[in-house]
Structure formats: C-alpha cells, structure tokens
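Asker: Got a structure for you, written out below as structure tokens; questions coming shortly.
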Amino acid sequence: MPLINMPDFAGALLDDFSARGAARVDTPVIQPAAPFLDMAGEDLRRRIFLTESETGESLCLRPEFTIPVCLSHIETATGTPKRYAYLGEVFRQRREGGNEFYQAGIEDLGETATARADARAINDATGILHKLLPGRPLDVTLGDQAVFEAVVRALGLPSGWQKRLIQAFGDSAHLDQLLKTLASPQTAQGLDPAVETLLSSNDEAGLIAHLDHIMQNTGYSTNASRSPREIAARLKEKRALAQTRLDGAALLLLREFLSLELPLSEAAAALAGFADAAGLSLGAALAGFEARTAALADLGIDLSRITYRAAFGRPLDYYTGLVFEVAQAGEDAVLAGGGRFDRLLTLLGAKDPIPAVGFSLWLDRIELARAR
C-alpha cells in the first residue's frame, strides 16, 4: 500500500488558515460511527470504513472532518463564535482516487451574522485556491437547501413527501424519480391483503388488533421492535404517500424552479419573480438568499462569476442553507466544497443552537492541479 505523503503546500495552507483567524484543531482518526451513520447522508454512509471496539461500540475511520470538529467543540465547551481549521487524512471509498487522502478546511461556529459568515466561507475557499493555483480561473456553483425546502413546503405536500424530496436534494436522478412517482398513480407494494382491506376501510383498531395477533402467533417480541400501533401508523403513512398526487400545475412549478440556472447577480430577482408568479411565499429563505448575495457583493466578489443552480445540493444530510463547490474552469474535479449546517451541533448534543458554516479542500486534487 503506497504511503500517502503530506502535500508540499501544507505549511503555507496552515499559515493561511491562521491569517484568516482559524485555529487548528486535531481530531482522532478513530471516530464513533453513529454520528456519521445518522447524519452524514446515504452517499457517505456506504463509503465509510467500519470496525468495532472490544465492547461492541461501532467505530469508523474518520471519513470527513465536520462532525469530528463539531464534537470536539461540544466536548471542550468552548465559547462561540469560534473558527477552527483542520488538515489531516480522511478515509472513505471513492469512485476515483485513493481511499486515504488529505483534506483541510475551516469550520465557522457560532457566527450569528449568517449572511456575512456564508460570504466569508465562499471568499476564503476561493481566496485560498487562488493562492494555491495562481492564474487559474475558477468556477463556483452555489445552491440553497433552505430555498428548495421553502418551495417544497409552499406547495403543500404531505410532510412525508416533503421529507423525501428534501433528502433527495442534490441527487438529480433520485429527485427526478420521486417527481415521476408523484406525477403517476401508485399503489403501496407488498401489503398483506387483510392489511390492505383494513387500511382501505380506515379501521385503525382492527389493523392494530390484526398486527398484534400476527406478532403473538409468530412470537415476534414487541419489546425489541415497534409496537402494533407504531407499525399500523407507518403502514398508513406508506399507503398515503404512495397514493399522493402532485397536480400538474404544482409539478410544473417544481420542475420550473429546479431548472433555474443563472449568474448569482441575477438569481435573487429571478427567485422573487418565480415566487410572485407562482403565488408562493418563500419568506425567510428568500430574505436570507438576498442578504448573502449582498454580503458577497460587499466583499468585492464578482457575482456574475458565480453560478446559482436551484437543483444543486451536496450529498450530506446535515446542510440547511448555502451549499457550494469550486472547481477549475472547464474541469469536473471539485477542489473545494461546503455549506451551512445550523442543526448539526444540536443533533450532536450541544445544549443551545449554534449556527455553523464551513468548507473543505480536496488536497490530492489540488496537488494534481498544481502539478499540471
């Protein structure tokens, strides 16, 4: 197995982090697996290298830094706002490149001026890349999880469908399949005929009694599983979701929104126009988008050089607002990516909500670009 060497520009990168007010933090290579399995998203979950401790605790090799940095912040009870920098190896299966590689980045925790913090994350990521790749033009692609969620909620879909669509954001193939499902008649598959009859007649008590009878006869312990009442509720939800239809007008609106792709300089006006024409209220999500755009302009960033794509997301479940990626112009390889994750620290155990935004740099890809 070849030795993975620290990139030769690592020292300059750490100096740059320090100059940007980010203190370096180290986190263990061996991490508890549960936070990644619960919060990181399906794409990362299937790439993690898992193991187990002597006591049976599920562990993994560190697949990314955001969750470990947040856990470290909570454990040390450090006050906010706080900027952390990291640089080290991560381990996960990849379609291209080695399974062990270096990542670096900055996590900005507790900054309540969220629009300004978002703009700083994009400015820092692009500024660092310009230093490492002087003279190379960069493409920045920006999306917004919060705006997508606002559109989905404004359409009035059942909460179960809202959750499905929101979780699929950023996975265009999965999202398209869900929209096709919403557009065509469906039936819940694999249901016992007796269960289907009880669901059709809305006989909840009868369904619970039927499930309880089956579980008693098969010796299926309710102490180690869901109760008949909980199973009945999930079956009702499954059937309701399968039968949900999105009317043609609403489906067209959702597809129209997802087709938006234009320079960021024009995006806020386009979103406002879309919402007005569709009769949808995007409220705080649109206001946050406009404030971030203004904050980027205040930093002197050319908004016409950033592309807003309404369907753009990143394959990690913890993002709540801004998502972005940076690549060399004309190249597919992502060199930096990040976004806002305001709910993550509370889910990891923080007592109070902590706004958060950050980005990571793919050092092996940057090293390859520099070598060219």
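In the structure tokens, chains take letters A, B, ... by order of appearance, with residues numbered from 1 within each chain and ligands from 1 in the order shown.
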Show me, as a list in words, the residues that have an atom within 9 Å of A:Phe341 when counting only C-alpha atoms, minus same-chain residues fewer than 4 positions from it.

Answerer: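 The neighbour list is Tyr318, Tyr319, Thr320, Gly321, Leu322, Leu345, Pro355, Ala356, Val357 and Gly358 of chain A.
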
Asker: Going by DSSP on the backbone, which residues of stretch 44-197 of chain A come out as strand (DSSP E)? List them as a PDB file with N, CA and C atoms, in the first residue's frame.

Answerer:
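Writing the result to result.pdb gives the following:
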ATOM      1  N   LEU A  50     -15.884   0.738   8.485  1.00  0.00           N
ATOM      2  CA  LEU A  50     -16.408   0.468   9.825  1.00  0.00           C
ATOM      3  C   LEU A  50     -15.594  -0.599  10.537  1.00  0.00           C
ATOM      4  N   THR A  51     -15.562  -0.503  11.868  1.00  0.00           N
ATOM      5  CA  THR A  51     -14.981  -1.541  12.714  1.00  0.00           C
ATOM      6  C   THR A  51     -15.755  -1.535  14.026  1.00  0.00           C
ATOM      7  N   GLU A  52     -15.276  -2.300  14.993  1.00  0.00           N
ATOM      8  CA  GLU A  52     -15.998  -2.430  16.258  1.00  0.00           C
ATOM      9  C   GLU A  52     -14.994  -2.524  17.398  1.00  0.00           C
ATOM     10  N   SER A  58     -19.698   0.600  17.737  1.00  0.00           N
ATOM     11  CA  SER A  58     -19.413   0.738  16.314  1.00  0.00           C
ATOM     12  C   SER A  58     -18.511   1.950  16.093  1.00  0.00           C
ATOM     13  N   LEU A  59     -17.377   1.704  15.440  1.00  0.00           N
ATOM     14  CA  LEU A  59     -16.384   2.740  15.191  1.00  0.00           C
ATOM     15  C   LEU A  59     -16.106   2.836  13.695  1.00  0.00           C
ATOM     16  N   CYS A  60     -15.440   3.912  13.285  1.00  0.00           N
ATOM     17  CA  CYS A  60     -15.077   4.046  11.877  1.00  0.00           C
ATOM     18  C   CYS A  60     -13.802   4.858  11.760  1.00  0.00           C
ATOM     19  N   LEU A  61     -13.117   4.693  10.640  1.00  0.00           N
ATOM     20  CA  LEU A  61     -12.031   5.599  10.295  1.00  0.00           C
ATOM     21  C   LEU A  61     -12.640   6.941   9.881  1.00  0.00           C
ATOM     22  N   LYS A  82     -16.387  30.884  17.033  1.00  0.00           N
ATOM     23  CA  LYS A  82     -15.091  30.216  17.010  1.00  0.00           C
ATOM     24  C   LYS A  82     -14.823  29.723  15.603  1.00  0.00           C
ATOM     25  N   ARG A  83     -13.603  29.955  15.114  1.00  0.00           N
ATOM     26  CA  ARG A  83     -13.195  29.457  13.793  1.00  0.00           C
ATOM     27  C   ARG A  83     -12.148  28.370  13.988  1.00  0.00           C
ATOM     28  N   TYR A  84     -12.430  27.205  13.456  1.00  0.00           N
ATOM     29  CA  TYR A  84     -11.494  26.089  13.535  1.00  0.00           C
ATOM     30  C   TYR A  84     -10.954  25.772  12.151  1.00  0.00           C
ATOM     31  N   ALA A  85      -9.684  25.401  12.107  1.00  0.00           N
ATOM     32  CA  ALA A  85      -9.079  24.890  10.874  1.00  0.00           C
ATOM     33  C   ALA A  85      -8.622  23.460  11.121  1.00  0.00           C
ATOM     34  N   TYR A  86      -8.579  22.677  10.065  1.00  0.00           N
ATOM     35  CA  TYR A  86      -8.108  21.293  10.184  1.00  0.00           C
ATOM     36  C   TYR A  86      -7.323  20.922   8.934  1.00  0.00           C
ATOM     37  N   LEU A  87      -6.427  19.944   9.103  1.00  0.00           N
ATOM     38  CA  LEU A  87      -5.683  19.384   7.984  1.00  0.00           C
ATOM     39  C   LEU A  87      -5.247  17.997   8.403  1.00  0.00           C
ATOM     40  N   GLY A  88      -5.674  16.998   7.679  1.00  0.00           N
ATOM     41  CA  GLY A  88      -5.312  15.632   8.025  1.00  0.00           C
ATOM     42  C   GLY A  88      -5.921  14.644   7.056  1.00  0.00           C
ATOM     43  N   GLU A  89      -5.687  13.365   7.355  1.00  0.00           N
ATOM     44  CA  GLU A  89      -6.161  12.307   6.473  1.00  0.00           C
ATOM     45  C   GLU A  89      -7.612  11.940   6.771  1.00  0.00           C
ATOM     46  N   VAL A  90      -8.335  11.624   5.724  1.00  0.00           N
ATOM     47  CA  VAL A  90      -9.669  11.041   5.843  1.00  0.00           C
ATOM     48  C   VAL A  90      -9.686   9.739   5.047  1.00  0.00           C
ATOM     49  N   PHE A  91     -10.649   8.890   5.390  1.00  0.00           N
ATOM     50  CA  PHE A  91     -10.676   7.543   4.830  1.00  0.00           C
ATOM     51  C   PHE A  91     -12.096   7.226   4.377  1.00  0.00           C
ATOM     52  N   GLU A 100      -7.626   6.776   0.917  1.00  0.00           N
ATOM     53  CA  GLU A 100      -6.993   7.514   2.009  1.00  0.00           C
ATOM     54  C   GLU A 100      -6.397   8.766   1.397  1.00  0.00           C
ATOM     55  N   PHE A 101      -6.820   9.934   1.864  1.00  0.00           N
ATOM     56  CA  PHE A 101      -6.358  11.176   1.253  1.00  0.00           C
ATOM     57  C   PHE A 101      -6.447  12.309   2.265  1.00  0.00           C
ATOM     58  N   TYR A 102      -5.808  13.422   1.930  1.00  0.00           N
ATOM     59  CA  TYR A 102      -5.781  14.573   2.830  1.00  0.00           C
ATOM     60  C   TYR A 102      -6.898  15.559   2.495  1.00  0.00           C
ATOM     61  N   GLN A 103      -7.513  16.071   3.567  1.00  0.00           N
ATOM     62  CA  GLN A 103      -8.449  17.182   3.437  1.00  0.00           C
ATOM     63  C   GLN A 103      -8.073  18.267   4.433  1.00  0.00           C
ATOM     64  N   ALA A 104      -8.431  19.489   4.110  1.00  0.00           N
ATOM     65  CA  ALA A 104      -8.228  20.621   5.006  1.00  0.00           C
ATOM     66  C   ALA A 104      -9.453  21.518   4.876  1.00  0.00           C
ATOM     67  N   GLY A 105      -9.639  22.398   5.849  1.00  0.00           N
ATOM     68  CA  GLY A 105     -10.786  23.283   5.747  1.00  0.00           C
ATOM     69  C   GLY A 105     -10.962  24.142   6.976  1.00  0.00           C
ATOM     70  N   ILE A 106     -12.034  24.903   6.968  1.00  0.00           N
ATOM     71  CA  ILE A 106     -12.384  25.803   8.062  1.00  0.00           C
ATOM     72  C   ILE A 106     -13.842  25.584   8.423  1.00  0.00           C
ATOM     73  N   GLU A 107     -14.120  25.494   9.737  1.00  0.00           N
ATOM     74  CA  GLU A 107     -15.487  25.449  10.249  1.00  0.00           C
ATOM     75  C   GLU A 107     -15.709  26.708  11.086  1.00  0.00           C
ATOM     76  N   ASP A 108     -16.744  27.444  10.756  1.00  0.00           N
ATOM     77  CA  ASP A 108     -17.056  28.717  11.400  1.00  0.00           C
ATOM     78  C   ASP A 108     -18.287  28.506  12.277  1.00  0.00           C
ATOM     79  N   LEU A 109     -18.100  28.410  13.593  1.00  0.00           N
ATOM     80  CA  LEU A 109     -19.169  28.040  14.509  1.00  0.00           C
ATOM     81  C   LEU A 109     -19.611  29.231  15.366  1.00  0.00           C
ATOM     82  N   LEU A 138     -11.525  30.054 -11.793  1.00  0.00           N
ATOM     83  CA  LEU A 138     -12.310  29.108 -11.006  1.00  0.00           C
ATOM     84  C   LEU A 138     -13.789  29.243 -11.332  1.00  0.00           C
ATOM     85  N   ASP A 139     -14.492  28.119 -11.288  1.00  0.00           N
ATOM     86  CA  ASP A 139     -15.946  28.102 -11.399  1.00  0.00           C
ATOM     87  C   ASP A 139     -16.539  27.830 -10.024  1.00  0.00           C
ATOM     88  N   VAL A 140     -17.467  28.682  -9.583  1.00  0.00           N
ATOM     89  CA  VAL A 140     -18.158  28.491  -8.306  1.00  0.00           C
ATOM     90  C   VAL A 140     -19.627  28.213  -8.596  1.00  0.00           C
ATOM     91  N   THR A 141     -20.116  27.099  -8.071  1.00  0.00           N
ATOM     92  CA  THR A 141     -21.525  26.740  -8.206  1.00  0.00           C
ATOM     93  C   THR A 141     -22.172  26.823  -6.831  1.00  0.00           C
ATOM     94  N   LEU A 142     -23.313  27.505  -6.772  1.00  0.00           N
ATOM     95  CA  LEU A 142     -23.976  27.762  -5.495  1.00  0.00           C
ATOM     96  C   LEU A 142     -25.410  27.258  -5.548  1.00  0.00           C
ATOM     97  N   GLY A 143     -25.850  26.623  -4.462  1.00  0.00           N
ATOM     98  CA  GLY A 143     -27.238  26.218  -4.297  1.00  0.00           C
ATOM     99  C   GLY A 143     -27.714  26.630  -2.924  1.00  0.00           C
ATOM    100  N   ASP A 144     -28.982  26.349  -2.625  1.00  0.00           N
ATOM    101  CA  ASP A 144     -29.512  26.740  -1.316  1.00  0.00           C
ATOM    102  C   ASP A 144     -30.564  25.734  -0.867  1.00  0.00           C
TER     103      ASP A 144
END

Asker: For each of A:Asp203, A:Asp124, A:Glu54, A:Asp43, take the minimum atom-to-atom distance to A:Leu296, counting only C-alpha atoms, then give the residue where this is smallest.

Answerer: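 Answer, going by the shortest atom-to-atom distance: A:Asp124.
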
Asker: Report as a PDB file with C-alpha atoms, in the first residue's frame all protein, DNA and RNA residues lying within 6 Å of A:Gly337, evaluated on only C-alpha atoms, omitting residues in the same chain fewer than 3 positions from it.

Answerer:
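Contents of the output file around17.pdb:
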ATOM      1  CA  PHE A 324     -21.321  25.484  -2.849  1.00  0.00           C
ATOM      2  CA  GLU A 325     -18.486  23.869  -4.764  1.00  0.00           C
ATOM      3  CA  PHE A 359     -15.813  24.252   3.679  1.00  0.00           C
ATOM      4  CA  SER A 360     -13.272  21.551   2.894  1.00  0.00           C
TER       5      SER A 360
END

Asker: Measuring atom to atom with only C-alpha atoms, identify which of A:Trp161, A:Phe36, A:Phe257, A:Phe9 is nearest to A:Glu367.

Answerer: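 Nearest to A:Glu367: A:Phe9.
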
Asker: What lies within 12 Å of A:Ala278 using only C-alpha atoms, ignoring chain neighbours under 6 positions off, as a list in words?

Answerer: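 Non-adjacent residues within range: Val151, Ala154, Leu155, Ala249, Ala250, Leu251, Leu252, Leu253, Leu254, Glu256, Phe257, Leu271 and Ala272 of chain A.
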
Asker: Which residue out of A:Ile354, A:Ile48, A:Ala40, A:Ala369 has the minimum interatomic distance to A:Gly79 when only C-alpha atoms are used?

Answerer: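 The closest residue to A:Gly79 is A:Ile354.
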
Asker: Env of A:Ala232: 9 Å cut, atoms = only C-alpha atoms, seq-sep filter 6 positions within chain, self excluded. Answer as an MDAnalysis selection string.

Answerer: chainID A and resid 199 204 207:208 211

Asker: Filtering to N, CA, C and O atoms, could you give me those residues as a JSON list (two decimals), in the first residue's frame?

Answerer:
[["chain", "number", "residue", "atom", "x", "y", "z"],
["A", 199, "LEU", "N", -56.70, -1.12, 5.93],
["A", 199, "LEU", "CA", -56.27, 0.25, 5.61],
["A", 199, "LEU", "C", -57.30, 0.96, 4.75],
["A", 199, "LEU", "O", -57.61, 2.13, 4.97],
["A", 204, "GLU", "N", -58.56, 1.51, 12.01],
["A", 204, "GLU", "CA", -57.28, 1.52, 12.71],
["A", 204, "GLU", "C", -57.25, 0.50, 13.85],
["A", 204, "GLU", "O", -56.25, -0.22, 14.03],
["A", 207, "LEU", "N", -56.85, -2.91, 12.45],
["A", 207, "LEU", "CA", -55.49, -3.11, 11.93],
["A", 207, "LEU", "C", -54.52, -3.40, 13.07],
["A", 207, "LEU", "O", -53.69, -4.31, 12.98],
["A", 208, "ILE", "N", -54.63, -2.64, 14.15],
["A", 208, "ILE", "CA", -53.74, -2.86, 15.30],
["A", 208, "ILE", "C", -53.96, -4.24, 15.88],
["A", 208, "ILE", "O", -53.00, -4.97, 16.20],
["A", 211, "LEU", "N", -52.42, -6.87, 13.54],
["A", 211, "LEU", "CA", -50.97, -6.91, 13.65],
["A", 211, "LEU", "C", -50.53, -7.55, 14.96],
["A", 211, "LEU", "O", -49.57, -8.32, 15.01]]

Asker: My list of candidates is A:Pro315, A:Asp176, A:Arg20, A:Thr114. Which is closest to A:Arg46 when distances are computed with only C-alpha atoms?

Answerer: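 Closest candidate: A:Pro315.
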
Asker: From the options A:Pro7, A:Leu363, A:Ala311, A:Gly288, which residue's atoms come nearest to A:Ala173, counting only C-alpha atoms?

Answerer: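 Closest to A:Ala173 of all the choices is A:Ala311.
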
Asker: Any idea what the distance is between atom CA of A:Leu179 and atom CA of A:Leu157?

Answerer: 12.0 Å

Asker: Report the distance between atom CA of A:Ile306 and atom CA of A:Pro263 in Å, rounded to one decimal place.

Answerer: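 Atom CA of A:Pro263 lies at a distance of 5.8 Å from atom CA of A:Ile306.
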
Asker: If we count only C-alpha atoms, what is near A:Glu261 at a cut-off of 7 Å, once residues fewer than 2 positions away on the same chain are taken out, given as a list in words?

Answerer: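 Counting only C-alpha atoms, the residues come to Ser259, Thr307, Tyr308, Arg309 and Ala310 of chain A.
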
Asker: Mind giving me the straight-line distance from atom CA of A:Gln145 to atom CA of A:Gly313 in Å, one decimal?

Answerer: 6.8 Å
